[in-house]
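Engineer: Encoded as C-alpha cells, here's the structure I'll be asking about.
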Amino acid sequence: MRTLALLSEQEQDLVRNLSDRRERHMAGEELVGEGQTGRRARFVVSGWACNQRVLPDGRRQIFGFLLPGDCFNVCERPAPPALCSTVALTALETVDAEPLLEAANRGEAPSLARALAVARQVEQALLLDHMVRLGRQTAYERVAHFLLELQRRLEIAGLGDSQRFPLPLTQEILADALGLSIVHVNRTLQQLRRERLIELRSGVAILLQPDLLASISDFRPTTPTNALRRPA
C-alpha cells in the first residue's frame with residue numbers, strides 16, 4: 001500500500017493489524033464464484049490467484065492474476081454480482097480487508113482511500129494492456145509482454161528484481177491467459193530461450209535482455225507511480 005500512497009503511522013498500523021484475520025486456501029479453491037454477491041474485500045498475502053471465466057466445454061480465459069499485496073472484491077457496497085470467478089492457482093493466504101475499507105469509506109484513512117483508488121486504476125490499466133495483448137499482438141509479443149508485466153509487478157511487491165522473479169505457472173495456465181494453445185506457448189518459450197532472451201529454472205524466470213523484450217513487445221509499464229500522476 002505504501003507504493004500507492006504516503007500512509008500515516010495510524011494507517012500503516014491499520015494495515016498491519018489485518019494479519020489477525022488470515023485465511024489459508026488450497027490450489028484450485030474458488031475464492032469468488034461468478035455471480036456471487038456479499039463478497040468481502042481481501043488482500044493476498046502469499047501465493048497466486050486469477051480471475052477467470054470457464055466456457056461450458058471447459059475452455060478457460062484468464063483475465064488477470066492476483067499476486068501478493070493485491071486486493072480483490074474492493075467495490076461499492078452492497079457488492080454487485082461478480083462478473084467472473086476468482087480461483088487460487090497455488091496455495092494461498094489472504095487477510096480480511098474490510099476494516100481497512102470501512103475506515104477509508106468513513107474518511108478516517110484518506111491516504112488509504114487514495115491508495116485503493118490508485119489500485120483500481122492500475123487494475124483497469126492492466127486489463128486494457130491484456131486486451132491489446134490478446135487482440136493485436138503475436139504469440140511472440142504476447143509472451144514477452146506478459147513476462148515483463150509480471151517482472152514489474154513482482155519487483156514492486158518486493159518479490160523479484162529487475163531480471164529475476166518467481167513464475168509458478170504451468171504452460172496450460174499461460175495458454176489460458178494468453179489465448180494460445182499449450183503447444184504454441186511451448187514453442188514460443190523455446191524460441192525466447194534459443195535467442196537468449198529468457199531462462200526458466202524450476203519456477204523462476206530470468207529476463208536476460210529485458211530492454212530488447214520491451215522493444216519487441218512495445219511494453220509500457222503500468223506502475224503505481226504512473227497512476228498517481230494527477231491531471232495538471
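Residue numbering restarts at 1 for every chain of the C-alpha cells, chains are lettered A, B, ... in their displayed order, and ligands are numbered from 1 as they appear.
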If you run DSSP over the backbone, which residues in segment 3-191 of chain A end up helix (DSSP H, G or I)? Put them as a compact mmCIF listing (two decimals) with N, CA and C atoms, in the first residue's frame.
Structural biologist:
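As written to disk, states_36.txt reads:
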```
# COMPACT_ATOMS: atom_id res chain seq x y z
N GLU A 9 1.30 6.82 10.11
CA GLU A 9 1.60 5.70 11.01
C GLU A 9 0.32 4.99 11.42
N GLN A 10 -0.75 5.73 11.67
CA GLN A 10 -2.02 5.12 12.05
C GLN A 10 -2.56 4.24 10.94
N GLU A 11 -2.43 4.71 9.70
CA GLU A 11 -2.92 3.92 8.57
C GLU A 11 -2.05 2.67 8.36
N GLN A 12 -0.75 2.80 8.56
CA GLN A 12 0.11 1.63 8.45
C GLN A 12 -0.23 0.60 9.52
N ASP A 13 -0.52 1.05 10.74
CA ASP A 13 -0.92 0.13 11.80
C ASP A 13 -2.22 -0.58 11.45
N LEU A 14 -3.13 0.13 10.82
CA LEU A 14 -4.40 -0.48 10.41
C LEU A 14 -4.15 -1.62 9.43
N VAL A 15 -3.23 -1.41 8.50
CA VAL A 15 -2.89 -2.47 7.53
C VAL A 15 -2.23 -3.64 8.24
N ARG A 16 -1.27 -3.35 9.14
CA ARG A 16 -0.56 -4.43 9.84
C ARG A 16 -1.52 -5.28 10.67
N ASN A 17 -2.52 -4.66 11.28
CA ASN A 17 -3.45 -5.39 12.14
C ASN A 17 -4.35 -6.35 11.38
N LEU A 18 -4.36 -6.25 10.05
CA LEU A 18 -5.16 -7.18 9.26
C LEU A 18 -4.62 -8.60 9.35
N SER A 19 -3.36 -8.75 9.77
CA SER A 19 -2.75 -10.08 9.81
C SER A 19 -3.46 -11.01 10.79
N ASP A 20 -4.25 -10.47 11.69
CA ASP A 20 -5.00 -11.31 12.63
C ASP A 20 -6.18 -12.01 11.96
N ARG A 21 -6.50 -11.63 10.73
CA ARG A 21 -7.67 -12.17 10.04
C ARG A 21 -7.24 -13.01 8.84
N GLU A 98 -11.78 -5.79 5.07
CA GLU A 98 -12.97 -4.99 5.34
C GLU A 98 -12.73 -3.85 6.34
N PRO A 99 -11.96 -4.08 7.44
CA PRO A 99 -11.73 -2.96 8.36
C PRO A 99 -11.04 -1.78 7.68
N LEU A 100 -10.11 -2.08 6.80
CA LEU A 100 -9.42 -1.03 6.08
C LEU A 100 -10.37 -0.30 5.15
N LEU A 101 -11.22 -1.03 4.45
CA LEU A 101 -12.17 -0.44 3.52
C LEU A 101 -13.18 0.43 4.26
N GLU A 102 -13.64 -0.05 5.41
CA GLU A 102 -14.60 0.72 6.20
C GLU A 102 -13.99 2.02 6.70
N ALA A 103 -12.74 1.97 7.17
CA ALA A 103 -12.07 3.19 7.65
C ALA A 103 -11.90 4.19 6.51
N ALA A 104 -11.56 3.70 5.32
CA ALA A 104 -11.40 4.58 4.17
C ALA A 104 -12.73 5.22 3.79
N ASN A 105 -13.80 4.44 3.80
CA ASN A 105 -15.12 4.95 3.42
C ASN A 105 -15.65 5.95 4.44
N PRO A 110 -7.67 8.78 4.83
CA PRO A 110 -7.70 9.37 3.49
C PRO A 110 -6.60 8.86 2.56
N SER A 111 -5.42 8.59 3.09
CA SER A 111 -4.34 8.09 2.24
C SER A 111 -4.61 6.66 1.80
N LEU A 112 -5.21 5.87 2.67
CA LEU A 112 -5.59 4.52 2.28
C LEU A 112 -6.68 4.56 1.21
N ALA A 113 -7.61 5.50 1.34
CA ALA A 113 -8.65 5.65 0.32
C ALA A 113 -8.01 5.98 -1.02
N ARG A 114 -6.99 6.86 -0.98
CA ARG A 114 -6.28 7.21 -2.20
C ARG A 114 -5.54 5.99 -2.77
N ALA A 115 -4.91 5.22 -1.91
CA ALA A 115 -4.19 4.03 -2.36
C ALA A 115 -5.12 3.03 -3.02
N LEU A 116 -6.30 2.83 -2.45
CA LEU A 116 -7.27 1.91 -3.03
C LEU A 116 -7.76 2.40 -4.38
N ALA A 117 -7.94 3.72 -4.50
CA ALA A 117 -8.36 4.29 -5.78
C ALA A 117 -7.28 4.09 -6.85
N VAL A 118 -6.02 4.29 -6.46
CA VAL A 118 -4.92 4.07 -7.40
C VAL A 118 -4.84 2.60 -7.79
N ALA A 119 -5.05 1.70 -6.82
CA ALA A 119 -5.02 0.26 -7.11
C ALA A 119 -6.07 -0.10 -8.15
N ARG A 120 -7.25 0.52 -8.07
CA ARG A 120 -8.29 0.26 -9.07
C ARG A 120 -7.88 0.79 -10.44
N GLN A 121 -7.20 1.95 -10.46
CA GLN A 121 -6.72 2.49 -11.74
C GLN A 121 -5.68 1.57 -12.37
N VAL A 122 -4.78 1.06 -11.54
CA VAL A 122 -3.75 0.14 -12.04
C VAL A 122 -4.40 -1.13 -12.59
N GLU A 123 -5.40 -1.65 -11.87
CA GLU A 123 -6.09 -2.86 -12.32
C GLU A 123 -6.75 -2.63 -13.68
N GLN A 124 -7.39 -1.48 -13.87
CA GLN A 124 -8.02 -1.18 -15.16
C GLN A 124 -6.99 -1.06 -16.26
N ALA A 125 -5.84 -0.43 -15.95
CA ALA A 125 -4.79 -0.29 -16.95
C ALA A 125 -4.22 -1.66 -17.36
N LEU A 126 -4.06 -2.54 -16.40
CA LEU A 126 -3.57 -3.89 -16.70
C LEU A 126 -4.56 -4.65 -17.57
N LEU A 127 -5.84 -4.46 -17.33
CA LEU A 127 -6.86 -5.14 -18.13
C LEU A 127 -6.84 -4.62 -19.57
N LEU A 128 -6.65 -3.31 -19.75
CA LEU A 128 -6.54 -2.76 -21.10
C LEU A 128 -5.30 -3.31 -21.81
N ASP A 129 -4.19 -3.40 -21.09
CA ASP A 129 -2.98 -3.99 -21.67
C ASP A 129 -3.26 -5.43 -22.12
N HIS A 130 -4.01 -6.16 -21.29
CA HIS A 130 -4.33 -7.55 -21.61
C HIS A 130 -5.19 -7.64 -22.88
N MET A 131 -6.12 -6.70 -23.04
CA MET A 131 -6.96 -6.68 -24.24
C MET A 131 -6.12 -6.46 -25.49
N VAL A 132 -5.15 -5.55 -25.41
CA VAL A 132 -4.27 -5.30 -26.55
C VAL A 132 -3.43 -6.54 -26.85
N ARG A 133 -2.94 -7.18 -25.79
CA ARG A 133 -2.15 -8.41 -25.96
C ARG A 133 -2.94 -9.45 -26.75
N LEU A 134 -4.17 -9.70 -26.30
CA LEU A 134 -4.98 -10.74 -26.91
C LEU A 134 -5.46 -10.36 -28.30
N GLY A 135 -5.74 -9.07 -28.50
CA GLY A 135 -6.37 -8.66 -29.74
C GLY A 135 -5.43 -8.37 -30.89
N ARG A 136 -4.20 -7.90 -30.58
CA ARG A 136 -3.35 -7.41 -31.66
C ARG A 136 -1.92 -7.94 -31.66
N ALA A 139 1.97 -14.20 -30.88
CA ALA A 139 2.28 -15.06 -29.73
C ALA A 139 3.63 -14.67 -29.13
N TYR A 140 4.60 -14.39 -29.96
CA TYR A 140 5.95 -13.99 -29.52
C TYR A 140 5.88 -12.71 -28.69
N GLU A 141 5.12 -11.73 -29.18
CA GLU A 141 4.97 -10.46 -28.48
C GLU A 141 4.18 -10.63 -27.19
N ARG A 142 3.14 -11.47 -27.23
CA ARG A 142 2.30 -11.69 -26.04
C ARG A 142 3.12 -12.24 -24.87
N VAL A 143 3.89 -13.28 -25.16
CA VAL A 143 4.67 -13.91 -24.09
C VAL A 143 5.70 -12.93 -23.53
N ALA A 144 6.39 -12.22 -24.41
CA ALA A 144 7.39 -11.25 -23.97
C ALA A 144 6.74 -10.16 -23.10
N HIS A 145 5.63 -9.62 -23.55
CA HIS A 145 4.93 -8.56 -22.82
C HIS A 145 4.45 -9.06 -21.47
N PHE A 146 3.90 -10.26 -21.44
CA PHE A 146 3.37 -10.82 -20.20
C PHE A 146 4.47 -11.04 -19.18
N LEU A 147 5.60 -11.56 -19.60
CA LEU A 147 6.72 -11.78 -18.68
C LEU A 147 7.23 -10.46 -18.11
N LEU A 148 7.30 -9.44 -18.94
CA LEU A 148 7.74 -8.13 -18.46
C LEU A 148 6.75 -7.55 -17.45
N GLU A 149 5.48 -7.74 -17.71
CA GLU A 149 4.46 -7.25 -16.77
C GLU A 149 4.60 -7.92 -15.42
N LEU A 150 4.75 -9.25 -15.41
CA LEU A 150 4.92 -9.96 -14.15
C LEU A 150 6.18 -9.51 -13.42
N GLN A 151 7.28 -9.36 -14.18
CA GLN A 151 8.53 -8.92 -13.55
C GLN A 151 8.35 -7.59 -12.85
N ARG A 152 7.68 -6.65 -13.52
CA ARG A 152 7.50 -5.32 -12.94
C ARG A 152 6.61 -5.38 -11.70
N ARG A 153 5.52 -6.12 -11.76
CA ARG A 153 4.61 -6.20 -10.61
C ARG A 153 5.28 -6.86 -9.41
N LEU A 154 6.03 -7.92 -9.66
CA LEU A 154 6.66 -8.63 -8.56
C LEU A 154 7.83 -7.84 -7.98
N GLU A 155 8.51 -7.07 -8.82
CA GLU A 155 9.58 -6.22 -8.29
C GLU A 155 8.99 -5.16 -7.35
N ILE A 156 7.87 -4.56 -7.72
CA ILE A 156 7.22 -3.56 -6.87
C ILE A 156 6.79 -4.19 -5.55
N GLN A 171 2.39 -24.24 -18.25
CA GLN A 171 2.16 -23.77 -19.62
C GLN A 171 0.68 -23.76 -19.95
N GLU A 172 -0.10 -24.62 -19.32
CA GLU A 172 -1.55 -24.60 -19.53
C GLU A 172 -2.14 -23.28 -19.02
N ILE A 173 -1.70 -22.83 -17.84
CA ILE A 173 -2.19 -21.56 -17.31
C ILE A 173 -1.76 -20.41 -18.21
N LEU A 174 -0.52 -20.43 -18.68
CA LEU A 174 -0.06 -19.39 -19.60
C LEU A 174 -0.90 -19.38 -20.86
N ALA A 175 -1.23 -20.56 -21.38
CA ALA A 175 -2.05 -20.65 -22.58
C ALA A 175 -3.44 -20.05 -22.35
N ASP A 176 -4.03 -20.34 -21.20
CA ASP A 176 -5.36 -19.82 -20.89
C ASP A 176 -5.35 -18.31 -20.67
N ALA A 177 -4.24 -17.77 -20.23
CA ALA A 177 -4.13 -16.32 -20.05
C ALA A 177 -3.86 -15.61 -21.37
N LEU A 178 -3.09 -16.24 -22.24
CA LEU A 178 -2.63 -15.56 -23.45
C LEU A 178 -3.42 -15.93 -24.70
N ILE A 182 -1.37 -24.78 -25.76
CA ILE A 182 -0.21 -25.15 -24.96
C ILE A 182 1.00 -25.39 -25.86
N VAL A 183 0.78 -26.00 -27.01
CA VAL A 183 1.88 -26.25 -27.96
C VAL A 183 2.49 -24.94 -28.42
N HIS A 184 1.65 -23.95 -28.70
CA HIS A 184 2.15 -22.65 -29.17
C HIS A 184 2.93 -21.93 -28.07
N VAL A 185 2.46 -22.03 -26.84
CA VAL A 185 3.18 -21.45 -25.71
C VAL A 185 4.55 -22.10 -25.58
N ASN A 186 4.59 -23.42 -25.66
CA ASN A 186 5.86 -24.14 -25.53
C ASN A 186 6.84 -23.72 -26.62
N ARG A 187 6.37 -23.64 -27.86
CA ARG A 187 7.25 -23.26 -28.97
C ARG A 187 7.78 -21.83 -28.78
N THR A 188 6.92 -20.94 -28.30
CA THR A 188 7.33 -19.55 -28.12
C THR A 188 8.37 -19.43 -27.01
N LEU A 189 8.16 -20.14 -25.91
CA LEU A 189 9.13 -20.12 -24.83
C LEU A 189 10.48 -20.68 -25.29
N GLN A 190 10.42 -21.75 -26.07
CA GLN A 190 11.66 -22.34 -26.59
C GLN A 190 12.39 -21.35 -27.50
N GLN A 191 11.63 -20.61 -28.31
CA GLN A 191 12.25 -19.62 -29.19
C GLN A 191 12.92 -18.51 -28.38
```
Engineer: Between A:Leu67, A:Leu167, A:Leu208, A:Leu4, single out the one closest to Val45 of chain A, counting only C-alpha atoms.
Structural biologist: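 Of A:Leu67, A:Leu167, A:Leu208, A:Leu4, the one nearest Val45 of chain A, counting only C-alpha atoms, is A:Leu67.
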Engineer: How many Å lie between atom CA of Thr86 of chain A and atom CA of Ser202 of chain A, rounded to one decimal?
Structural biologist: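 Atom-to-atom, atom CA of Thr86 of chain A and atom CA of Ser202 of chain A are spaced 25.6 Å apart.
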Engineer: Would you mind listing what lies within 12 Å of Asn51 of chain A as an MDAnalysis selection string, with only C-alpha atoms counted and same-chain residues fewer than 2 positions away left out?
Structural biologist: chainID A and resid 30:34 48:49 53:54 60:67 72:73 82:89 123 127 173 176:177
Engineer: Based on DSSP run over this structure's backbone, return all residues of segment 7-163 of chain A in strand (DSSP E), as an MDAnalysis selection string.
Structural biologist: chainID A and resid 22:25 30:32 42:46 49:54 60:66 71:72 85:88 92:96
Engineer: Skip Ala97 of chain A itself and residues of its chain fewer than 6 positions away, then list as a count of residues only all residues within 7 Å of it, counting only C-alpha atoms.
Structural biologist: 4
Engineer: How far is it from atom CA of Cys71 of chain A to atom CA of Val44 of chain A, in Å with one decimal?
Structural biologist: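 One can read the atom CA of Cys71 of chain A to atom CA of Val44 of chain A distance as 6.3 Å.
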Engineer: Go ahead and compute the interatomic distance for atom CA of Gly203 of chain A and atom CA of Ser215 of chain A, in Å to one decimal.
Structural biologist: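 The value is 25.0 Å.
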Engineer: Would you mind telling me which residue in A:Ser162, A:Leu92, A:Leu192, A:Gln36 lies nearest to Asp211 of chain A when using only C-alpha atoms?
Structural biologist: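 Answer, going by the shortest atom-to-atom distance: A:Ser162.
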